[in-house]
Structures are given as structure tokens and as C-alpha cells.
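The structure under discussion appears below in the form of C-alpha cells.
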Amino acid sequence: MPGSRGISCRMSARQERRDRRGAGRLPEHLGPPPSGFALLPWLLMGMGAFSNLFQGKTPNPWIGGIGLLVFNSLYIHVVFRAFTKEAREARSTRGALLALGVVTCLLGGLYGGSWLLFFPLLGLAVGAIVRGRWLGRAGIGLAVLAGVVAGLRDGWGAVNVAYGTFLSTMVTAAILSLSDAVRELRAAREELAHRAVEKERLRFSRDLHDLLGHTLSVIVVKSEAARRLAPRDLDAALVQISDIESVGRQALTEIREAVTGYREGSLATDLDRARSALLAAGIEPVVRQSGPPLSAQAEVLLGWVVREAVTNAVRHSGARRCSITVEGGSERVRVRVSDDGAGVSDVPGIGGIGGTGLKGLAERLAAVGGSLEAGARPGVRGGFVVVAELPVEAGAAAA
């Protein structure tokens, strides 16, 4: 029922407020509300003029009545346009503010007394509209104008009117500017939080793809090998099953580490697992590694490359031979994985850098100054090659 849904929504809102108070968290809406209603109560400062008009103490009361109506209308129009930047900076708003100043001067100069309190109200409207470098000049100019008009009517009492006008202008502008800053900071904080969530979600999806894609491919290949070997060589089949158990346990550990965000890999381990996966798939592995030791973070990135390239070779290539070469230098380290399989045209989804895993790896390496290229082997019909380069000093950036 619509009524029951409305009641449940209100109860949920009240429960949320109670939970926030109980948890000691600040409410989301800080500072003045973004609406002209916050400045309407100050119209009560004109009650003295209205009282004089109502009691017949004001000469030419119809002029005063019309002036009071025009002032209130212009004031409400101006303050309700003060909380939107586009409306605040519109020419119509500035024109209404100028007309409000003219009406204030006419009423104050004509009647004096309590009618001079419209100048502080004019200061509120000016402070709500005028911001930035023109605020000081506007506040001082308005205070001088209020002092001159009030001085012609009430003598030394003009000091209080001028001071009140200047104070209302500057305080209103300061409070509303602070409120705008709080809202902008909250919006920036929410945007940063949203980006952080998206970044973490992307990292997690990449890790899961790289971990599970390679691990499940190894498990499938070794399971097929065990099924083929079981009828004629039970011992060899048991070796494959033992490898499946080992790979599964290692995958569980790596997934836990990936979830916590502190996964560190070993390139040597990834090369050993790649060799084992290729052998189980009937592909001859050729692994070469040279160069100085690498940082742990660089080994993690290069391990991802080896995993993804070998997974694609096992799943898609139909190759007979796969070569993995790791060459380290003084400035950059290079990993090259090539096979003699079907090639780009027959490999679904990974032509160029089109696969999900290869795209993710390209983004990872680019973030730390590296690069990734994938495509057909040059000068050879068929085959696929993945080449990744990484600066040696990229370890700190990768962390």
C-alpha cells in the first residue's frame, strides 16, 4: 500500500538519524540551508516601520505602504536568488538589488527613524549577492551611503545605522561563502570517495581475472591430463592430481592476499607454474631468464604478464612450442612470451591488445612507465607474441 510505504520510509529516516546520533557522527547537512528562507526572518526588523504606518504616525501613509510592499517584494526576490551562482550573477538579480537600494534610500530619507533599519536589511541582501573582491568595496560604500542618509535625518544616530549596515553585509557574505565552501568540499569528498571505490573495484577485478583465469586454466589442463593418464598410468595421473591440489591451495592463498591488497609474487614461481601448465597442455616450454635481481613489485607485474600470456597460449593457441624470455638490464627489464600456434586471426578476443586481461596489464604497466605489446610474430606465419617492458625503478611506483 502507498500509505504503508510512506510510513515505513519515515520510520527508516528516523531510525537512520537515531543511528547517526548513537554513533556520534556529524549530520550530513552542515551550515545554513541553501535557501532564501534562512534570510526571511530578518524582515521582522521592519516591524517598527509597519507599526508606525499602521498607527497613522507616518505622513503620506499610502506612499509608505507602497514602499514597504515594494521593499519586501524586492528583498524576497533577491535573497531567494542568492543561493544559485547562475541566478546570483544574473543581470536581473543585480538590477533588483539596485532597485532595492533606491527604495531603501527613498524610504529612509523620507521618513527616518525606524525606517532607517531597512539599511541593515539592504546589507543582508548585498552580502548574499556580492562575493569576491568587490565585497569590501560594496560593504564600505553601502555603509557610507547609509550613514549619509541617516545623518541627514537623525544626526549622530547615523553611526549605529552605518555600523549595522556594514556588519550585516560582511557577516552575511562570510557565512554564506563558508556554507558554499562546505558544500563544495563535501561534493569534492564524495567525488574522491567515488573515484577511490572505482579504483579499488578495478584493481580487484583485475586481480581476480589474472589470478582465477590462469589458475583455472591450469586446473582444467591438468584435470584433462589426469583423465587421459588414469587408464594407462595411474602414478602419472596421481602426480597431475597432486599438482591440481597444490595449484588450488596456492590460488586460495593468493586470492586472500589480493583481497587484502598486499599480494606479493615471485617471478620464479610464476615461471615454474607456467612451465608446468605448458607441459600439461602438451606444449614444449622454453624458459630463459637473465639479468640482475628485480624488486618484489616488479616481479609481481612481470608475473602477471607471464600468467596472462601463458594462459592465452594454453587456452587458445594450439601451439606446439612456447618461449618465455626474461631479460634484465640496468634501466629496463623485458619479458617476451611467444608461441607457434594459430596466430592473431584465430585467437578470439585477444587480437592486438583486445582481451580483458591484456588491456588490464597494459594499464598496469603504463601507470608505472612500462609498456605492453601483443600481436602476430613478425616475419613468421602464425604464432602470437606478448612483449612487456618495465623500468627497473618502477618497483616503488608499483607499490
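Following the order of the C-alpha cells, first chain is A, next is B, and so on, with residues numbered from 1 inside each chain and ligands from 1 in the order they appear.
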
Could the residues of region 296-396 of chain A that have an atom at most 8 Å from region 190-214 of chain A be listed as JSON lines, each with its closest atom pair and the distance in Å to one decimal, counting only C-alpha atoms and ordered by chain and ascending residue number?
{"residue": "A:Trp304", "atom": "CA", "partner": "A:Asp210", "partner_atom": "CA", "distance": 6.7}
{"residue": "A:Arg307", "atom": "CA", "partner": "A:His214", "partner_atom": "CA", "distance": 5.9}
{"residue": "A:Glu308", "atom": "CA", "partner": "A:Asp210", "partner_atom": "CA", "distance": 6.5}
{"residue": "A:Val310", "atom": "CA", "partner": "A:His214", "partner_atom": "CA", "distance": 7.9}
{"residue": "A:Thr311", "atom": "CA", "partner": "A:His214", "partner_atom": "CA", "distance": 5.3}
{"residue": "A:Gly357", "atom": "CA", "partner": "A:Asp210", "partner_atom": "CA", "distance": 6.7}
{"residue": "A:Gly360", "atom": "CA", "partner": "A:Arg206", "partner_atom": "CA", "distance": 6.4}

Please produce a file of those selected residues containing C-alpha atoms, as a JSON list (two decimals), in the first residue's frame.
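In the end it all went to again_39.json:
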[["chain", "number", "residue", "atom", "x", "y", "z"],
["A", 304, "TRP", "CA", 51.05, -11.11, -14.25],
["A", 307, "ARG", "CA", 50.47, -15.70, -16.31],
["A", 308, "GLU", "CA", 48.21, -13.98, -18.84],
["A", 310, "VAL", "CA", 50.73, -18.47, -20.91],
["A", 311, "THR", "CA", 47.01, -18.75, -20.08],
["A", 357, "GLY", "CA", 43.45, -9.43, -19.31],
["A", 360, "GLY", "CA", 44.35, -4.59, -17.77]]

10 Å contact set for Leu390 (chain A), only C-alpha atoms, chain neighbours under 2 positions out, as a PyMOL selection string: chain A and resi 298+301-302+328+331-335+365-366+368-372+388+392-395

So how many Å separate CA of Ala173 (chain A) and CA of Thr104 (chain A), to one decimal? 19.7 Å

When distances are computed from only C-alpha atoms, which of A:Leu121, A:Thr253, A:Leu279, A:Cys322 shows the smallest separation from Thr172 (chain A)?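 The shortest atom-to-atom distance to Thr172 (chain A) comes from A:Leu121.
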